[in-house]
$ cat input_18.cif   # mmCIF, C-alpha atoms
data_query
loop_
_atom_site.group_PDB
_atom_site.id
_atom_site.type_symbol
_atom_site.label_atom_id
_atom_site.label_comp_id
_atom_site.auth_asym_id
_atom_site.auth_seq_id
_atom_site.Cartn_x
_atom_site.Cartn_y
_atom_site.Cartn_z
ATOM 1 C CA MET A 51 109.919 132.158 82.079
ATOM 2 C CA ALA A 52 106.964 130.110 83.305
ATOM 3 C CA GLU A 53 104.476 132.944 82.634
ATOM 4 C CA LYS A 54 105.080 132.591 78.879
ATOM 5 C CA LYS A 55 104.304 128.877 78.901
ATOM 6 C CA LYS A 56 101.187 126.798 79.250
ATOM 7 C CA ILE A 57 100.811 125.378 82.756
ATOM 8 C CA ALA A 58 100.054 121.679 83.249
ATOM 9 C CA LEU A 59 99.115 119.828 86.416
ATOM 10 C CA VAL A 60 99.789 116.084 86.357
ATOM 11 C CA THR A 61 98.672 113.818 89.201
ATOM 12 C CA GLY A 62 100.610 110.738 90.277
ATOM 13 C CA ALA A 63 103.639 112.241 88.555
ATOM 14 C CA ASN A 64 106.518 110.959 90.653
ATOM 15 C CA ARG A 65 106.829 107.661 88.769
ATOM 16 C CA GLY A 66 105.569 105.546 85.898
ATOM 17 C CA LEU A 67 103.238 107.059 83.337
ATOM 18 C CA GLY A 68 102.759 110.286 85.276
ATOM 19 C CA PHE A 69 106.496 110.886 85.297
ATOM 20 C CA GLU A 70 106.826 110.193 81.589
ATOM 21 C CA ILE A 71 103.808 112.344 80.730
ATOM 22 C CA SER A 72 105.399 115.177 82.711
ATOM 23 C CA ARG A 73 108.662 114.707 80.834
ATOM 24 C CA GLN A 74 107.030 114.702 77.407
ATOM 25 C CA LEU A 75 104.890 117.760 78.165
ATOM 26 C CA ALA A 76 107.903 119.656 79.493
ATOM 27 C CA LYS A 77 109.865 118.756 76.361
ATOM 28 C CA GLN A 78 107.150 120.545 74.398
ATOM 29 C CA GLY A 79 107.814 123.742 76.331
ATOM 30 C CA ILE A 80 105.017 123.344 78.872
ATOM 31 C CA TYR A 81 105.659 124.167 82.514
ATOM 32 C CA VAL A 82 104.629 121.090 84.511
ATOM 33 C CA VAL A 83 103.510 120.912 88.121
ATOM 34 C CA MET A 84 104.125 117.314 89.172
ATOM 35 C CA GLY A 85 101.646 116.193 91.798
ATOM 36 C CA SER A 86 102.649 113.470 94.249
ATOM 37 C CA ARG A 87 101.242 112.192 97.529
ATOM 38 C CA LYS A 88 104.654 112.064 99.182
ATOM 39 C CA GLU A 89 106.686 115.255 99.187
ATOM 40 C CA ALA A 90 110.110 113.581 99.149
ATOM 41 C CA LEU A 91 109.284 111.363 96.172
ATOM 42 C CA GLY A 92 107.794 114.295 94.295
ATOM 43 C CA LYS A 93 110.854 116.458 94.836
ATOM 44 C CA LYS A 94 113.156 113.646 93.746
ATOM 45 C CA ALA A 95 111.201 113.107 90.536
ATOM 46 C CA ALA A 96 111.088 116.818 89.747
ATOM 47 C CA ALA A 97 114.823 117.131 90.395
ATOM 48 C CA GLN A 98 115.490 114.375 87.863
ATOM 49 C CA LEU A 99 113.597 116.224 85.140
ATOM 50 C CA LYS A 100 115.202 119.521 86.099
ATOM 51 C CA ASP A 101 118.569 117.841 85.596
ATOM 52 C CA GLU A 102 117.411 117.126 82.049
ATOM 53 C CA GLY A 103 116.901 120.860 81.570
ATOM 54 C CA LEU A 104 113.109 120.744 81.851
ATOM 55 C CA ASP A 105 110.863 123.301 83.571
ATOM 56 C CA VAL A 106 108.948 121.440 86.270
ATOM 57 C CA GLU A 107 108.148 121.707 89.942
ATOM 58 C CA SER A 108 106.756 119.287 92.494
ATOM 59 C CA ALA A 109 103.615 119.675 94.560
ATOM 60 C CA VAL A 110 102.103 117.642 97.363
ATOM 61 C CA LEU A 111 98.833 116.372 95.944
ATOM 62 C CA ASP A 112 96.741 113.525 97.314
ATOM 63 C CA VAL A 113 93.724 113.151 95.037
ATOM 64 C CA THR A 114 91.710 111.623 97.898
ATOM 65 C CA ASP A 115 92.294 114.682 100.095
ATOM 66 C CA ASP A 116 90.311 117.846 99.366
ATOM 67 C CA LYS A 117 92.700 119.923 101.461
ATOM 68 C CA THR A 118 95.812 119.166 99.411
ATOM 69 C CA ILE A 119 93.857 119.639 96.187
ATOM 70 C CA LYS A 120 92.634 123.082 97.223
ATOM 71 C CA GLN A 121 96.049 124.110 98.513
ATOM 72 C CA THR A 122 97.917 122.976 95.410
ATOM 73 C CA VAL A 123 95.460 124.450 92.920
ATOM 74 C CA ALA A 124 95.426 127.737 94.839
ATOM 75 C CA ARG A 125 99.234 127.868 94.871
ATOM 76 C CA VAL A 126 99.514 127.141 91.156
ATOM 77 C CA ILE A 127 96.987 129.866 90.372
ATOM 78 C CA LYS A 128 98.801 132.305 92.666
ATOM 79 C CA ASP A 129 102.218 131.538 91.181
ATOM 80 C CA HIS A 130 101.299 131.099 87.525
ATOM 81 C CA GLY A 131 97.863 132.660 87.074
ATOM 82 C CA ARG A 132 96.209 129.699 85.419
ATOM 83 C CA ILE A 133 96.053 125.948 84.838
ATOM 84 C CA ASP A 134 95.815 125.141 81.147
ATOM 85 C CA ILE A 135 96.190 121.360 81.247
ATOM 86 C CA LEU A 136 95.072 118.750 83.768
ATOM 87 C CA VAL A 137 96.152 115.139 83.423
ATOM 88 C CA ASN A 138 94.310 112.899 85.870
ATOM 89 C CA ASN A 139 96.884 110.133 85.948
ATOM 90 C CA ALA A 140 96.906 109.012 89.610
ATOM 91 C CA GLY A 141 95.417 105.568 90.014
ATOM 92 C CA ILE A 142 95.527 102.342 92.012
ATOM 93 C CA MET A 143 94.837 98.674 91.321
ATOM 94 C CA ILE A 144 94.387 96.666 94.505
ATOM 95 C CA ASP A 145 92.378 93.585 93.501
ATOM 96 C CA TRP A 146 94.208 92.033 90.558
ATOM 97 C CA GLY A 147 93.395 88.339 90.248
ATOM 98 C CA ASN A 148 89.968 88.786 91.793
ATOM 99 C CA SER A 149 86.581 88.309 90.124
ATOM 100 C CA GLY A 150 83.200 89.956 90.204
ATOM 101 C CA GLU A 151 81.875 87.071 92.279
ATOM 102 C CA ARG A 152 84.459 87.736 95.018
ATOM 103 C CA LEU A 153 84.305 91.511 94.731
ATOM 104 C CA LYS A 154 84.760 93.366 98.023
ATOM 105 C CA ILE A 155 82.804 96.559 98.501
ATOM 106 C CA SER A 156 85.688 97.982 100.524
ATOM 107 C CA ASP A 157 88.017 97.468 97.536
ATOM 108 C CA VAL A 158 85.535 99.190 95.241
ATOM 109 C CA GLN A 159 85.194 102.154 97.599
ATOM 110 C CA LYS A 160 88.949 102.609 97.992
ATOM 111 C CA THR A 161 89.597 102.283 94.274
ATOM 112 C CA LEU A 162 86.825 104.667 93.302
ATOM 113 C CA ASP A 163 88.094 107.222 95.791
ATOM 114 C CA THR A 164 91.373 107.512 93.899
ATOM 115 C CA ASN A 165 90.571 106.547 90.331
ATOM 116 C CA MET A 166 87.171 108.183 89.899
ATOM 117 C CA TYR A 167 86.444 110.636 92.724
ATOM 118 C CA GLY A 168 90.052 111.851 92.637
ATOM 119 C CA ALA A 169 89.723 112.848 88.998
ATOM 120 C CA LEU A 170 86.335 114.418 89.648
ATOM 121 C CA ARG A 171 87.721 116.485 92.519
ATOM 122 C CA LEU A 172 90.506 117.830 90.323
ATOM 123 C CA ILE A 173 88.192 118.608 87.419
ATOM 124 C CA GLN A 174 85.892 120.594 89.657
ATOM 125 C CA ALA A 175 88.851 122.409 91.193
ATOM 126 C CA VAL A 176 90.477 123.546 87.928
ATOM 127 C CA LEU A 177 87.501 123.973 85.606
ATOM 128 C CA PRO A 178 86.496 127.454 86.855
ATOM 129 C CA TYR A 179 89.965 128.769 85.996
ATOM 130 C CA MET A 180 89.902 127.130 82.578
ATOM 131 C CA LYS A 181 86.527 128.720 81.879
ATOM 132 C CA LYS A 182 87.829 132.103 82.995
ATOM 133 C CA ASN A 183 90.744 131.849 80.566
ATOM 134 C CA GLY A 184 88.726 130.263 77.759
ATOM 135 C CA TYR A 185 91.142 127.382 77.369
ATOM 136 C CA GLY A 186 91.623 123.938 78.860
ATOM 137 C CA ARG A 187 92.699 120.401 78.130
ATOM 138 C CA ILE A 188 91.657 117.666 80.567
ATOM 139 C CA VAL A 189 92.907 114.107 80.126
ATOM 140 C CA ASN A 190 91.518 111.263 82.191
ATOM 141 C CA GLN A 191 93.927 108.332 82.247
ATOM 142 C CA SER A 192 91.592 105.401 81.729
ATOM 143 C CA SER A 193 92.116 101.829 80.547
ATOM 144 C CA THR A 194 90.788 99.354 78.036
ATOM 145 C CA LEU A 195 89.822 97.333 81.124
ATOM 146 C CA GLY A 196 87.172 99.995 81.755
ATOM 147 C CA SER A 197 85.618 99.618 78.312
ATOM 148 C CA LEU A 198 82.146 98.108 78.503
ATOM 149 C CA ASP A 199 82.680 96.809 74.980
ATOM 150 C CA PHE A 200 85.860 95.040 76.103
ATOM 151 C CA ILE A 201 84.303 93.643 79.283
ATOM 152 C CA SER A 202 81.092 92.444 77.648
ATOM 153 C CA ASN A 203 82.968 90.726 74.822
ATOM 154 C CA GLY A 204 85.018 88.427 77.005
ATOM 155 C CA GLY A 205 87.649 90.866 78.209
ATOM 156 C CA GLY A 206 87.399 89.487 81.706
ATOM 157 C CA THR A 207 87.331 91.106 85.122
ATOM 158 C CA SER A 208 90.705 90.211 86.617
ATOM 159 C CA ALA A 209 90.670 93.483 88.553
ATOM 160 C CA PRO A 210 86.972 94.207 89.037
ATOM 161 C CA SER A 211 87.301 97.300 91.232
ATOM 162 C CA TYR A 212 89.772 98.795 88.781
ATOM 163 C CA CYS A 213 87.497 97.987 85.832
ATOM 164 C CA LEU A 214 84.524 99.628 87.521
ATOM 165 C CA SER A 215 86.536 102.716 88.414
ATOM 166 C CA LYS A 216 87.744 103.236 84.855
ATOM 167 C CA THR A 217 84.240 102.719 83.453
ATOM 168 C CA ALA A 218 83.026 105.405 85.855
ATOM 169 C CA LEU A 219 85.917 107.663 84.854
ATOM 170 C CA ASN A 220 84.911 107.322 81.208
ATOM 171 C CA ALA A 221 81.383 108.331 82.171
ATOM 172 C CA ILE A 222 82.793 111.477 83.802
ATOM 173 C CA THR A 223 84.597 112.278 80.553
ATOM 174 C CA ALA A 224 81.387 111.927 78.545
ATOM 175 C CA LEU A 225 79.351 113.905 81.071
ATOM 176 C CA TYR A 226 81.682 116.890 81.230
ATOM 177 C CA ALA A 227 82.262 116.900 77.481
ATOM 178 C CA SER A 228 78.510 117.159 77.008
ATOM 179 C CA ASP A 229 78.298 120.043 79.470
ATOM 180 C CA LEU A 230 81.269 121.893 77.966
ATOM 181 C CA GLY A 231 80.104 121.592 74.382
ATOM 182 C CA ARG A 232 82.324 122.541 71.453
ATOM 183 C CA GLY A 233 84.339 125.334 73.027
ATOM 184 C CA ASN A 234 88.070 125.458 73.656
ATOM 185 C CA ILE A 235 87.962 123.348 76.822
ATOM 186 C CA LYS A 236 88.337 119.717 75.838
ATOM 187 C CA ILE A 237 88.118 116.574 77.945
ATOM 188 C CA ASN A 238 88.992 113.074 76.790
ATOM 189 C CA SER A 239 89.879 109.640 78.143
ATOM 190 C CA ALA A 240 93.113 107.888 77.216
ATOM 191 C CA SER A 241 94.077 104.233 77.335
ATOM 192 C CA PRO A 242 97.857 103.778 77.560
ATOM 193 C CA GLY A 243 97.759 100.046 76.925
ATOM 194 C CA TRP A 244 99.717 97.555 79.010
ATOM 195 C CA VAL A 245 102.819 99.437 80.087
ATOM 196 C CA ARG A 246 105.989 98.496 81.951
ATOM 197 C CA THR A 247 105.365 100.365 85.191
ATOM 198 C CA ARG A 248 105.056 99.272 88.808
ATOM 199 C CA MET A 249 101.367 98.608 88.129
ATOM 200 C CA GLY A 250 101.851 96.973 84.730
ATOM 201 C CA GLY A 251 104.875 94.869 85.659
ATOM 202 C CA ASP A 252 108.042 93.991 83.774
ATOM 203 C CA SER A 253 106.265 91.681 81.307
ATOM 204 C CA ALA A 254 104.170 94.453 79.759
ATOM 205 C CA PRO A 255 104.882 94.991 76.047
ATOM 206 C CA ARG A 256 104.834 98.794 76.064
ATOM 207 C CA SER A 257 107.399 101.248 77.327
ATOM 208 C CA PRO A 258 106.352 104.247 79.447
ATOM 209 C CA GLU A 259 107.242 106.451 76.466
ATOM 210 C CA GLU A 260 104.739 104.582 74.285
ATOM 211 C CA GLY A 261 102.120 104.522 77.008
ATOM 212 C CA ALA A 262 102.326 108.267 77.631
ATOM 213 C CA ASP A 263 101.969 109.279 73.985
ATOM 214 C CA THR A 264 98.172 109.394 73.694
ATOM 215 C CA ALA A 265 97.703 111.325 76.938
ATOM 216 C CA VAL A 266 100.300 113.891 75.851
ATOM 217 C CA TRP A 267 98.623 114.187 72.455
ATOM 218 C CA LEU A 268 95.240 114.819 74.085
ATOM 219 C CA ALA A 269 96.786 117.328 76.496
ATOM 220 C CA THR A 270 98.079 119.394 73.577
ATOM 221 C CA LEU A 271 95.182 119.201 71.133
ATOM 222 C CA PRO A 272 94.609 122.116 68.759
ATOM 223 C CA LYS A 273 91.391 124.126 68.857
ATOM 224 C CA ASN A 274 89.743 121.837 66.299
ATOM 225 C CA GLY A 275 90.704 118.683 68.225
ATOM 226 C CA PRO A 276 88.203 116.154 69.579
ATOM 227 C CA SER A 277 86.421 116.242 72.916
ATOM 228 C CA GLY A 278 84.382 113.618 74.703
ATOM 229 C CA GLY A 279 86.207 110.630 73.260
ATOM 230 C CA PHE A 280 88.105 107.543 74.390
ATOM 231 C CA PHE A 281 91.437 107.062 72.629
ATOM 232 C CA LYS A 282 94.257 104.553 72.373
ATOM 233 C CA ASP A 283 97.262 105.094 70.104
ATOM 234 C CA ARG A 284 95.639 108.414 69.128
ATOM 235 C CA LYS A 285 92.653 106.567 67.672
ATOM 236 C CA PRO A 286 89.063 106.341 69.012
ATOM 237 C CA ILE A 287 88.120 103.117 70.776
ATOM 238 C CA ALA A 288 84.766 101.864 72.015
ATOM 239 C CA TRP A 289 83.452 102.908 75.406
#

$ encode --input "input_18.cif" --output "structure tokens"
Amino acid sequence: MAEKKKIALVTGANRGLGFEISRQLAKQGIYVVMGSRKEALGKKAAAQLKDEGLDVESAVLDVTDDKTIKQTVARVIKDHGRIDILVNNAGIMIDWGNSGERLKISDVQKTLDTNMYGALRLIQAVLPYMKKNGYGRIVNQSSTLGSLDFISNGGGTSAPSYCLSKTALNAITALYASDLGRGNIKINSASPGWVRTRMGGDSAPRSPEEGADTAVWLATLPKNGPSGGFFKDRKPIAW
């Protein structure tokens, strides 16, 4: 059955936005490989969606570890022949409440390793297969907190390492979109807004379903869809 479907790889998929993105993609008839750092949590999450009648599987995938990336991508290609969609959702926020003045280089390095380098590792791992098949949709899960327009107009830096990492992630989107041109491989950044997840907290105004919508939309764009943009609620926003 899976061979007749598009194949998506979602990172950080065992909970929160990654879980909901996986659910929504699978509901559209896409076979989803749910990446998770911890095998047990990944299997539990995949089992929940399977119980809903959805076609998913779990995979051990630590975006800071080249070995697990290579192993997982190789297995997906072996089992399914391709990767059509990549959603770089895995992310961390470890310095909320901090400021640029008190910024720790160690926090920046750790955050970049997951939020920016992790996405870059995955892009480089899957892009050759997308080029071979002439099709690809890459979604980088960013944040309004990474918008230079937002930051420079009083948006604040309550999580400076996180802000920097998402700004860098947006730059990766723009860079690869420029390289890829106007073909049928598209890469975009998505801002989910403030969502009720473990990271966002219970006070956030948006549900995971609402937060996942733009990423799912970008992951399923038609051939004439945009590339190289930054979107929230399916609308372009400023870098």

$ residues_around --input "input_18.cif" --residues "stretch 102-115 of chain A" --least-positions-apart "6" --cutoff "9 Å" --atoms "only C-alpha atoms" --output "ChimeraX atom specification"
/A:52,61-64,72-73,76-77,79-89,92-96,121-122,140,163-165,167-169,171-172

$ closest_residue --input "input_18.cif" --among "A:Gly275, A:Pro255, A:Gly147, A:Pro286" --to "A:Ile235" --atoms "all atoms listed in the file"
A:Gly275

$ atom_distance --input "input_18.cif" --atom1 "atom CA of A:Thr217" --atom2 "atom CA of A:Pro258"
22.5 Å

$ closest_residue --input "input_18.cif" --among "A:Arg65, A:Lys117, A:Lys273, A:Lys181" --to "A:Arg232" --atoms "all atoms listed in the file"
A:Lys273

$ closest_residue --input "input_18.cif" --among "A:Ile133, A:Ile127, A:Lys100, A:Ile142" --to "A:Met249" --atoms "only C-alpha atoms"
A:Ile142

$ atom_distance --input "input_18.cif" --atom1 "atom CA of A:Ser257" --atom2 "atom CA of A:Gly68"
12.9 Å

$ closest_residue --input "input_18.cif" --among "A:Gln159, A:Thr247, A:Thr270, A:Asn238" --to "A:Glu70" --atoms "only C-alpha atoms"
A:Thr247

$ resolve_selection --input "input_18.cif" --expression "the PyMOL selection byres ((chain A and resi 148-158) around 6)" --output "number ranges by chain"
A: 145-147, 159-162, 207-211

$ write_last_selection --input "input_18.cif" --atoms "C-alpha atoms" --output "mmCIF file, in the frame of the given file"
data_model
loop_
_atom_site.group_PDB
_atom_site.id
_atom_site.type_symbol
_atom_site.label_atom_id
_atom_site.label_comp_id
_atom_site.auth_asym_id
_atom_site.auth_seq_id
_atom_site.Cartn_x
_atom_site.Cartn_y
_atom_site.Cartn_z
ATOM 1 C CA ASP A 145 92.378 93.585 93.501
ATOM 2 C CA TRP A 146 94.208 92.033 90.558
ATOM 3 C CA GLY A 147 93.395 88.339 90.248
ATOM 4 C CA GLN A 159 85.194 102.154 97.599
ATOM 5 C CA LYS A 160 88.949 102.609 97.992
ATOM 6 C CA THR A 161 89.597 102.283 94.274
ATOM 7 C CA LEU A 162 86.825 104.667 93.302
ATOM 8 C CA THR A 207 87.331 91.106 85.122
ATOM 9 C CA SER A 208 90.705 90.211 86.617
ATOM 10 C CA ALA A 209 90.670 93.483 88.553
ATOM 11 C CA PRO A 210 86.972 94.207 89.037
ATOM 12 C CA SER A 211 87.301 97.300 91.232
#

$ residues_around --input "input_18.cif" --residues "A:Lys236" --least-positions-apart "3" --cutoff "12 Å" --atoms "all atoms listed in the file" --output "VMD selection string"
chain A and resid 134 to 137 173 177 180 to 181 184 to 190 223 to 233 239 268 to 279

$ write_last_selection --input "input_18.cif" --atoms "C-alpha atoms" --output "PDB file, in the coordinates of the input"
ATOM      1  CA  ASP A 134      95.815 125.141  81.147  1.00  0.00           C
ATOM      2  CA  ILE A 135      96.190 121.360  81.247  1.00  0.00           C
ATOM      3  CA  LEU A 136      95.072 118.750  83.768  1.00  0.00           C
ATOM      4  CA  VAL A 137      96.152 115.139  83.423  1.00  0.00           C
ATOM      5  CA  ILE A 173      88.192 118.608  87.419  1.00  0.00           C
ATOM      6  CA  LEU A 177      87.501 123.973  85.606  1.00  0.00           C
ATOM      7  CA  MET A 180      89.902 127.130  82.578  1.00  0.00           C
ATOM      8  CA  LYS A 181      86.527 128.720  81.879  1.00  0.00           C
ATOM      9  CA  GLY A 184      88.726 130.263  77.759  1.00  0.00           C
ATOM     10  CA  TYR A 185      91.142 127.382  77.369  1.00  0.00           C
ATOM     11  CA  GLY A 186      91.623 123.938  78.860  1.00  0.00           C
ATOM     12  CA  ARG A 187      92.699 120.401  78.130  1.00  0.00           C
ATOM     13  CA  ILE A 188      91.657 117.666  80.567  1.00  0.00           C
ATOM     14  CA  VAL A 189      92.907 114.107  80.126  1.00  0.00           C
ATOM     15  CA  ASN A 190      91.518 111.263  82.191  1.00  0.00           C
ATOM     16  CA  THR A 223      84.597 112.278  80.553  1.00  0.00           C
ATOM     17  CA  ALA A 224      81.387 111.927  78.545  1.00  0.00           C
ATOM     18  CA  LEU A 225      79.351 113.905  81.071  1.00  0.00           C
ATOM     19  CA  TYR A 226      81.682 116.890  81.230  1.00  0.00           C
ATOM     20  CA  ALA A 227      82.262 116.900  77.481  1.00  0.00           C
ATOM     21  CA  SER A 228      78.510 117.159  77.008  1.00  0.00           C
ATOM     22  CA  ASP A 229      78.298 120.043  79.470  1.00  0.00           C
ATOM     23  CA  LEU A 230      81.269 121.893  77.966  1.00  0.00           C
ATOM     24  CA  GLY A 231      80.104 121.592  74.382  1.00  0.00           C
ATOM     25  CA  ARG A 232      82.324 122.541  71.453  1.00  0.00           C
ATOM     26  CA  GLY A 233      84.339 125.334  73.027  1.00  0.00           C
ATOM     27  CA  SER A 239      89.879 109.640  78.143  1.00  0.00           C
ATOM     28  CA  LEU A 268      95.240 114.819  74.085  1.00  0.00           C
ATOM     29  CA  ALA A 269      96.786 117.328  76.496  1.00  0.00           C
ATOM     30  CA  THR A 270      98.079 119.394  73.577  1.00  0.00           C
ATOM     31  CA  LEU A 271      95.182 119.201  71.133  1.00  0.00           C
ATOM     32  CA  PRO A 272      94.609 122.116  68.759  1.00  0.00           C
ATOM     33  CA  LYS A 273      91.391 124.126  68.857  1.00  0.00           C
ATOM     34  CA  ASN A 274      89.743 121.837  66.299  1.00  0.00           C
ATOM     35  CA  GLY A 275      90.704 118.683  68.225  1.00  0.00           C
ATOM     36  CA  PRO A 276      88.203 116.154  69.579  1.00  0.00           C
ATOM     37  CA  SER A 277      86.421 116.242  72.916  1.00  0.00           C
ATOM     38  CA  GLY A 278      84.382 113.618  74.703  1.00  0.00           C
ATOM     39  CA  GLY A 279      86.207 110.630  73.260  1.00  0.00           C
TER      40      GLY A 279
END

$ closest_residue --input "input_18.cif" --among "A:Ile222, A:Asp199, A:Leu91, A:Thr118" --to "A:Asn138" --atoms "all atoms listed in the file"
A:Ile222

$ atom_distance --input "input_18.cif" --atom1 "atom CA of A:Phe280" --atom2 "atom CA of A:Lys120"
28.0 Å

$ resolve_selection --input "input_18.cif" --expression "the PyMOL selection byres ((chain A and resi 192-197) around 8)" --output "ChimeraX atom specification"
/A:190-191,198-201,205,207,212-220,239-243,288-289

$ closest_residue --input "input_18.cif" --among "A:Ala97, A:Ala58, A:Ile71, A:Asn183" --to "A:Val126" --atoms "all atoms listed in the file"
A:Ala58

$ axis_aligned_box --input "input_18.cif" --around "stretch 214-231 of chain A" --padding-each-side "3 Å" --output "lines of an AutoDock Vina configuration file"
center_x = 83.0
center_y = 110.8
center_z = 81.4
size_x = 15.4
size_y = 28.3
size_z = 20.0
